[in-house]
Structures are given as C-alpha cells and as structure tokens.
file input_36.txt (compact mmCIF, C-alpha atoms)
# COMPACT_ATOMS: atom_id res chain seq x y z
CA LEU Q 74 13.37 -0.20 -21.65
CA TYR Q 75 16.26 -0.45 -24.06
CA ILE Q 76 15.56 0.18 -27.74
CA ASP Q 77 17.92 -0.71 -30.59
CA LYS Q 78 18.66 1.79 -33.34
CA ASP Q 79 16.32 -0.03 -35.73
CA LYS Q 80 13.45 0.71 -33.26
CA LYS Q 81 13.17 -2.92 -32.17
CA MET Q 82 13.25 -4.05 -28.57
CA SER Q 83 16.67 -5.26 -27.46
CA LYS Q 84 17.22 -8.82 -26.21
CA LYS Q 85 17.41 -7.56 -22.63
CA ALA Q 86 14.08 -5.74 -22.96
CA LEU Q 87 12.41 -8.78 -24.52
CA GLN Q 88 13.65 -11.00 -21.69
CA ASN Q 89 12.27 -8.57 -19.13
CA VAL Q 90 8.86 -8.67 -20.82
CA GLU Q 91 8.81 -12.45 -21.16
CA GLN Q 92 9.79 -12.89 -17.51
CA ALA Q 93 7.30 -10.30 -16.30
CA SER Q 94 6.82 -10.23 -12.56
CA VAL Q 95 3.40 -9.29 -11.21
CA SER Q 96 4.14 -9.44 -7.48
CA THR Q 97 6.77 -9.96 -4.82
CA VAL Q 98 6.49 -13.41 -3.25
CA ALA Q 99 8.87 -15.66 -1.33
CA LYS Q 100 11.05 -17.80 -3.55
CA ASP Q 101 11.58 -20.53 -0.96
CA GLU Q 102 11.33 -21.41 2.73
CA GLU Q 103 14.61 -19.64 3.45
CA GLU Q 104 13.19 -16.35 2.19
CA LYS Q 105 10.02 -16.89 4.23
CA LYS Q 106 12.16 -17.33 7.33
CA LEU Q 107 14.10 -14.18 6.50
CA ALA Q 108 10.81 -12.25 6.30
CA ALA Q 109 9.69 -13.69 9.66
CA ASP Q 110 12.99 -12.72 11.28
CA PHE Q 111 12.67 -9.25 9.76
CA LEU Q 112 9.19 -8.84 11.24
CA LYS Q 113 10.53 -9.65 14.72
CA GLU Q 114 13.04 -6.82 14.37
CA ILE Q 115 10.39 -4.41 13.09
CA GLU Q 116 8.09 -5.19 16.02
CA LYS Q 117 10.72 -3.77 18.36
CA TYR Q 118 9.83 -0.36 16.93
CA HIS Q 119 6.33 -0.66 15.43
CA LYS Q 120 3.16 -2.62 16.04
CA LYS Q 121 2.42 -5.14 13.33
CA GLU Q 122 -0.98 -3.52 12.86
CA SER Q 123 0.70 -0.21 12.02
CA ILE Q 124 2.86 -1.85 9.35
CA VAL Q 125 -0.18 -3.58 7.87
CA ASN Q 126 -2.23 -0.37 7.79
CA SER Q 127 0.53 1.79 6.32
CA LEU Q 128 2.84 -0.33 4.17
CA THR Q 129 1.10 -3.44 2.84
CA ILE Q 130 0.15 -3.34 -0.85
CA PRO Q 131 -2.72 -3.91 -1.25
CA ARG Q 132 -3.72 -3.28 2.36
CA GLY Q 133 -4.20 -6.38 4.45
CA GLU Q 134 -2.29 -8.72 6.77
CA LYS Q 135 -2.23 -11.49 4.15
CA TYR Q 136 0.08 -9.27 2.09
CA LEU Q 137 2.45 -8.58 4.97
CA GLU Q 138 5.05 -11.15 3.94
CA SER Q 139 5.17 -9.69 0.43
CA THR Q 140 5.67 -6.23 1.93
CA LEU Q 141 8.52 -7.40 4.14
CA LEU Q 142 10.18 -9.02 1.14
CA ARG Q 143 9.89 -5.84 -0.92
CA PHE Q 144 11.79 -3.86 1.70
CA LEU Q 145 14.34 -6.65 2.14
CA ARG Q 146 15.03 -6.97 -1.58
CA ALA Q 147 15.36 -3.21 -1.89
CA ARG Q 148 18.26 -3.49 0.58
CA ASN Q 149 19.80 -6.71 -0.75
CA ASN Q 150 18.19 -8.82 1.98
CA LYS Q 151 20.16 -7.08 4.71
CA ILE Q 152 17.85 -6.86 7.75
CA PRO Q 153 19.57 -3.88 9.45
CA LYS Q 154 19.43 -1.80 6.26
CA ALA Q 155 15.84 -2.86 5.50
CA LEU Q 156 14.84 -2.03 9.09
CA LYS Q 157 16.32 1.46 8.71
CA MET Q 158 14.32 1.85 5.51
CA VAL Q 159 11.06 0.79 7.18
CA ASN Q 160 11.67 3.19 10.07
CA GLU Q 161 12.30 6.04 7.62
CA ALA Q 162 9.22 5.14 5.58
CA MET Q 163 6.99 5.08 8.66
CA ALA Q 164 8.44 8.39 9.87
CA PHE Q 165 7.83 10.01 6.47
CA ARG Q 166 4.26 8.74 6.33
CA LYS Q 167 3.56 10.05 9.82
CA LYS Q 168 5.17 13.45 9.21
CA HIS Q 169 3.23 14.04 5.99
CA ASP Q 170 0.06 12.14 7.05
CA VAL Q 171 0.30 9.99 3.93
CA ASP Q 172 -2.13 7.40 5.34
CA ASN Q 173 -4.91 10.00 5.10
CA ILE Q 174 -3.82 11.85 1.99
CA LEU Q 175 -6.69 10.50 -0.13
CA LYS Q 176 -9.09 12.16 2.32
CA LYS Q 177 -7.45 15.55 1.75
CA PRO Q 178 -8.25 16.72 -1.79
CA MET Q 179 -6.01 19.31 -3.38
CA PRO Q 180 -7.38 22.66 -4.60
CA LYS Q 181 -8.99 22.15 -8.00
CA ALA Q 182 -7.07 25.12 -9.42
CA ALA Q 183 -3.76 23.46 -8.54
CA ILE Q 184 -4.78 20.14 -10.11
CA ASP Q 185 -6.03 21.88 -13.27
CA HIS Q 186 -2.75 23.79 -13.47
CA LEU Q 187 -0.73 20.57 -13.42
CA ASN Q 188 -3.01 18.72 -15.80
CA ARG Q 189 -2.79 21.47 -18.42
CA SER Q 190 0.92 20.78 -18.77
CA PHE Q 191 1.48 17.23 -17.54
CA TYR Q 192 -0.66 14.58 -19.24
CA HIS Q 193 -0.90 11.30 -17.35
CA GLY Q 194 -3.37 8.87 -15.83
CA TYR Q 195 -4.07 5.22 -15.07
CA LEU Q 196 -5.47 3.33 -18.04
CA SER Q 197 -8.67 1.35 -17.72
CA GLY Q 198 -7.99 -2.36 -17.48
CA TYR Q 199 -4.59 -4.00 -17.08
CA ASP Q 200 -1.72 -5.27 -19.20
CA SER Q 201 -1.68 -8.89 -20.40
CA PHE Q 202 -0.10 -9.96 -17.09
CA GLY Q 203 -2.82 -8.31 -15.00
CA ARG Q 204 -0.75 -5.31 -13.88
CA PRO Q 205 -2.12 -1.74 -13.73
CA VAL Q 206 -0.73 0.65 -16.35
CA LEU Q 207 0.17 4.32 -15.86
CA GLY Q 208 0.05 6.11 -19.20
CA LEU Q 209 2.11 9.23 -19.85
CA ARG Q 210 2.12 11.51 -22.90
CA GLY Q 211 5.57 12.99 -22.44
CA GLY Q 212 5.83 14.07 -26.05
CA ALA Q 213 2.53 15.91 -26.16
CA CYS Q 214 3.15 17.74 -22.90
CA SER Q 215 6.79 18.65 -23.53
CA PRO Q 216 5.97 22.02 -25.22
CA HIS Q 217 3.91 23.01 -22.16
CA LEU Q 218 6.12 21.93 -19.24
CA ALA Q 219 7.48 25.43 -18.55
CA LYS Q 220 3.95 26.69 -17.98
CA MET Q 221 3.88 24.75 -14.72
CA TRP Q 222 6.35 27.18 -13.16
CA ASN Q 223 6.10 30.22 -15.43
CA GLU Q 224 2.33 30.70 -15.16
CA ILE Q 225 0.34 31.31 -11.97
CA PRO Q 226 -2.63 29.00 -11.27
CA ALA Q 227 -6.07 30.59 -11.21
CA GLY Q 228 -6.88 32.04 -7.80
CA TYR Q 229 -3.23 32.18 -6.65
CA GLU Q 230 -1.54 35.54 -6.03
CA LYS Q 231 1.95 34.15 -6.45
CA TRP Q 232 3.55 30.94 -7.60
CA SER Q 233 7.19 29.86 -7.45
CA TYR Q 234 9.07 26.77 -8.56
CA ALA Q 235 9.15 25.71 -4.89
CA ASP Q 236 5.34 25.92 -4.85
CA LEU Q 237 5.26 23.75 -7.95
CA GLU Q 238 7.52 21.15 -6.32
CA ASP Q 239 5.38 20.92 -3.18
CA THR Q 240 2.16 20.71 -5.21
CA PHE Q 241 3.58 18.17 -7.66
CA ILE Q 242 4.86 15.91 -4.86
CA HIS Q 243 1.52 16.10 -3.04
CA TYR Q 244 -0.29 15.14 -6.25
CA HIS Q 245 2.23 12.38 -6.92
CA LEU Q 246 1.62 10.90 -3.46
CA ILE Q 247 -2.13 10.94 -4.07
CA MET Q 248 -1.61 9.08 -7.36
CA LEU Q 249 0.61 6.44 -5.71
CA GLU Q 250 -1.67 5.95 -2.71
CA TYR Q 251 -4.65 5.50 -5.03
CA LEU Q 252 -2.64 3.01 -7.09
CA THR Q 253 -1.48 0.96 -4.11
CA THR Q 254 -4.65 0.97 -2.00
CA VAL Q 255 -7.41 0.97 -4.62
CA ILE Q 256 -6.21 -0.02 -8.10
CA MET Q 257 -3.93 -2.84 -6.95
CA ALA Q 258 -6.66 -4.20 -4.70
CA ASP Q 259 -8.98 -4.30 -7.74
CA ALA Q 260 -6.24 -5.85 -9.91
CA THR Q 261 -5.58 -8.53 -7.29
CA LYS Q 262 -9.27 -9.35 -7.10
CA ALA Q 263 -9.61 -9.47 -10.90
CA ALA Q 264 -6.55 -11.72 -11.31
CA GLY Q 265 -7.37 -14.01 -8.39
CA LYS Q 266 -3.78 -13.65 -7.19
CA LEU Q 267 -1.55 -10.97 -5.72
CA ILE Q 268 -0.77 -8.08 -8.05
CA ASN Q 269 1.53 -5.45 -6.56
CA LYS Q 270 3.57 -4.31 -9.52
CA TYR Q 271 2.59 -1.83 -12.18
CA VAL Q 272 3.83 -0.67 -15.58
CA VAL Q 273 4.56 2.81 -16.94
CA VAL Q 274 4.21 3.56 -20.66
CA ASP Q 275 5.36 6.96 -21.90
CA ASP Q 276 4.48 8.05 -25.46
CA LEU Q 277 7.11 10.57 -26.58
CA SER Q 278 5.67 11.34 -30.00
CA GLY Q 279 5.60 15.10 -30.58
CA ALA Q 280 8.46 15.84 -28.19
CA THR Q 281 10.30 19.10 -28.87
CA ALA Q 282 13.90 20.13 -28.23
CA ARG Q 283 12.68 22.91 -25.94
CA GLY Q 284 10.50 20.45 -24.07
CA MET Q 285 13.45 18.14 -23.51
CA MET Q 286 15.45 21.08 -22.12
CA ASP Q 287 12.58 21.86 -19.72
CA LEU Q 288 12.50 18.18 -18.75
CA CYS Q 289 16.19 18.40 -17.82
CA TYR Q 290 15.33 21.48 -15.75
CA MET Q 291 12.87 19.35 -13.78
CA ILE Q 292 15.38 16.60 -12.94
CA GLY Q 293 15.62 17.82 -9.35
CA LEU Q 294 11.84 17.46 -8.93
CA PHE Q 295 11.81 14.00 -10.49
CA LYS Q 296 14.68 13.01 -8.21
CA ARG Q 297 12.61 13.98 -5.15
CA THR Q 298 9.60 11.96 -6.31
CA THR Q 299 11.83 8.99 -7.16
CA ILE Q 300 13.41 9.04 -3.69
CA ILE Q 301 9.93 9.04 -2.16
CA ASP Q 302 8.80 6.18 -4.42
CA GLN Q 303 11.82 4.08 -3.55
CA LEU Q 304 11.34 4.72 0.16
CA LEU Q 305 7.57 4.23 0.46
CA TYR Q 306 6.82 1.92 -2.48
CA PRO Q 307 9.91 -0.27 -3.14
CA GLU Q 308 9.90 -3.01 -5.76
CA LEU Q 309 6.60 -1.95 -7.36
CA LEU Q 310 7.73 -0.93 -10.83
CA GLY Q 311 7.26 -3.90 -13.13
CA GLY Q 312 8.29 -2.14 -16.33
CA LEU Q 313 9.07 1.28 -17.81
CA PHE Q 314 8.43 1.62 -21.52
CA PHE Q 315 9.14 4.58 -23.81
CA ILE Q 316 7.52 4.50 -27.22
CA ASN Q 317 8.12 6.78 -30.21
CA SER Q 318 11.23 8.15 -28.49
CA PRO Q 319 13.15 10.71 -30.56
CA GLN Q 320 16.92 11.15 -30.59
CA ILE Q 321 16.59 14.30 -28.47
CA PHE Q 322 15.28 12.19 -25.56
CA TYR Q 323 18.61 10.46 -24.97
CA LYS Q 324 20.12 13.33 -22.95
CA PRO Q 325 17.25 13.67 -20.43
CA TRP Q 326 17.02 9.88 -20.23
CA GLY Q 327 20.72 9.76 -19.43
CA LEU Q 328 20.00 12.00 -16.42
CA LEU Q 329 16.80 10.23 -15.39
CA SER Q 330 18.24 6.72 -15.60
CA TYR Q 331 20.74 7.49 -12.85
CA ILE Q 332 18.01 8.22 -10.31
CA ILE Q 333 15.77 5.23 -11.10
CA ASP Q 334 16.57 2.15 -9.02
call {"tool": "encode", "arguments": {"input": "input_36.txt", "output": "structure tokens"}}
result
Amino acid sequence: LYIDKDKKMSKKALQNVEQASVSTVAKDEEEKKLAADFLKEIEKYHKKESIVNSLTIPRGEKYLESTLLRFLRARNNKIPKALKMVNEAMAFRKKHDVDNILKKPMPKAAIDHLNRSFYHGYLSGYDSFGRPVLGLRGGACSPHLAKMWNEIPAGYEKWSYADLEDTFIHYHLIMLEYLTTVIMADATKAAGKLINKYVVVDDLSGATARGMMDLCYMIGLFKRTTIIDQLLYPELLGGLFFINSPQIFYKPWGLLSYIID
C-alpha cells in the first residue's frame, strides 16, 4: 500500500482497492484451455487427486482450475515454469508433511513464546469484499521482537536464532494451512462464490526505532517465509495495508518490499 506524505492513500492504492480481486478465475476460454493443457502436463508427474488434496484453495476439485491459474499467473502463464513450480511445491509439502501439519500441534511453550512478542491473528468476519483479514500489530510488538531470540521459552534448556526460525516457520505454515483449508472454505460458503484471496492489515502505531532495527534483523526470516508463501500459496494476497506508519518504518519497508512478489 502506498501512502502519500499527507497520510492519504495514493491514486495507485485507491485503484487497487476499487478493483479488489477476491479470487483467481479464468478471464476467457483461452485461459481455460491453458489451464487444461497445464493439467495434462502435471498429470505426467502427479495424480490429479494429489493436486486437489494438496494445492486447491479451498480444497476440492471444483477449485482445481483456479489453482492451476494461480500457478500459471505466478509464472507469467509459462507452462514449463509453472510445472517446475508445482513440482517444487509438491516436493516441499511431502518433505515437511504440510498436508498433515494441522494435526501436529506445536508445544504450547513455543507458541506462547512467539505470541508474547509477535501479535497477530485472523479477524472475525471479512472485509467488505468477503475476503479474510489477517491483523498484525507491528507497532505494539516492535519493542518486544528481540525477546523472541534473546529469551529462552519456558521448558527449553537452550534456544538459538536457528531454533526461532524453525519454530516461526512451522507456526507460519500452520497459520497459512488454517487460512487456506478452513477460513477460505467458510468465506467461500458465506459469500456464495469462490474466495481465495486474503488481506493483511498491519497497525504500526507505537513502533520504536529499536523495534524497527530488530525488524531489519529479521529480514532473513521473513524472506524464508515469503519464499514458502510464494511457492505453496501463489496469488493469494489481495492487499497489504500499513496504517499509522511512522517515518522510521520506511527503511525496513524498503528491505521487505524487495522480497514480496
């Protein structure tokens, strides 16, 4: 989201809001044919059932075409590149057992440790277009970010930044799987049409200079989660909004913006 100096939304941001997309659907018969051709290539490597069970959002064969289009658009409608992406996504999901990650709860101490320093969660209800909303309180949590790697969670004998990264990514995958398999299914049912995009709103009020420095320190971690998101969940982000953003946020945003596709 681009904000002008007078705190008003820029023309580009307003256009993005007015033209809000809630799902990925075929624009015409040519794009439908492209998706069908893409599926034929995929089936040389994977059963259609496997793609439906692992990649459709929400889950279900009737959302298969939308899923194929998401991967195609993420690779500029180039079937060979999109096929490589699907193969990598399926391999990642198998290696890390992502399909069953919601059945494998994390240790409560690890979750509590993250939640004490990183405030976020899905809001009840949807935006005015019917999309789920992930709310972040980046400003409020900025003074506490360093605690995630400087303090040891209860019940743990040791804790390193590498431990934090592994735990954070595991938690992030749980959040995204819950979003794509449960929340988006509910949103689709409530809207009476396909909803497979969501919105992120980050309130930066209360952000501190030290917190912004710690945020820059975490760029590597955010890059890892972003790579995973773009591989497993392409074309899902319908909007990213920062509110009450202070001047000191521009530097970390300059770093973050380069890794968000």
call {"tool": "closest_residue", "arguments": {"input": "input_36.txt", "among": "Q:Leu187, Q:Met286, Q:Ile174, Q:Leu107", "to": "Lys151 in chain Q", "atoms": "only C-alpha atoms"}}
result
Q:Leu107
call {"tool": "atom_distance", "arguments": {"input": "input_36.txt", "atom1": "CA of Ser233 in chain Q", "atom2": "CA of Cys214 in chain Q"}}
result
20.0 Å
call {"tool": "atom_distance", "arguments": {"input": "input_36.txt", "atom1": "CA of Ser96 in chain Q", "atom2": "CA of Lys135 in chain Q"}}
result
13.4 Å
call {"tool": "residues_near_point", "arguments": {"input": "input_36.txt", "point": "(8.2, 27.9, -16.9)", "cutoff": "12 Å", "atoms": "only C-alpha atoms", "output": "NGL selection string"}}
result
:Q and (190 or 215-225 or 232-234 or 237 or 283-284 or 286-288 or 290-291)
call {"tool": "atom_distance", "arguments": {"input": "input_36.txt", "atom1": "CA of Leu156 in chain Q", "atom2": "CA of Thr261 in chain Q"}}
result
27.0 Å
call {"tool": "closest_residue", "arguments": {"input": "input_36.txt", "among": "Q:Phe241, Q:Trp326, Q:Tyr271, Q:Phe165", "to": "Leu309 in chain Q", "atoms": "all atoms listed in the file"}}
result
Q:Tyr271
call {"tool": "closest_residue", "arguments": {"input": "input_36.txt", "among": "Q:Leu313, Q:Ala99, Q:Ala108, Q:Ile333", "to": "Asp275 in chain Q", "atoms": "all atoms listed in the file"}}
result
Q:Leu313
call {"tool": "residues_near_point", "arguments": {"input": "input_36.txt", "point": "(13.8, 8.3, -23.8)", "cutoff": "10 Å", "atoms": "only C-alpha atoms", "output": "MDAnalysis selection string"}}
result
chainID Q and resid 74:76 211 275:277 285 314:327 329:330
call {"tool": "closest_residue", "arguments": {"input": "input_36.txt", "among": "Q:Asp200, Q:Tyr244, Q:Ala162, Q:Ser127", "to": "Met179 in chain Q", "atoms": "only C-alpha atoms"}}
result
Q:Tyr244
call {"tool": "residues_around", "arguments": {"input": "input_36.txt", "residues": "Glu138 in chain Q", "least_positions_apart": "6", "cutoff": "12 Å", "atoms": "all atoms listed in the file", "output": "MDAnalysis selection string"}}
result
chainID Q and resid 96:100 104:112 121 124:125 128:132 144:145 267
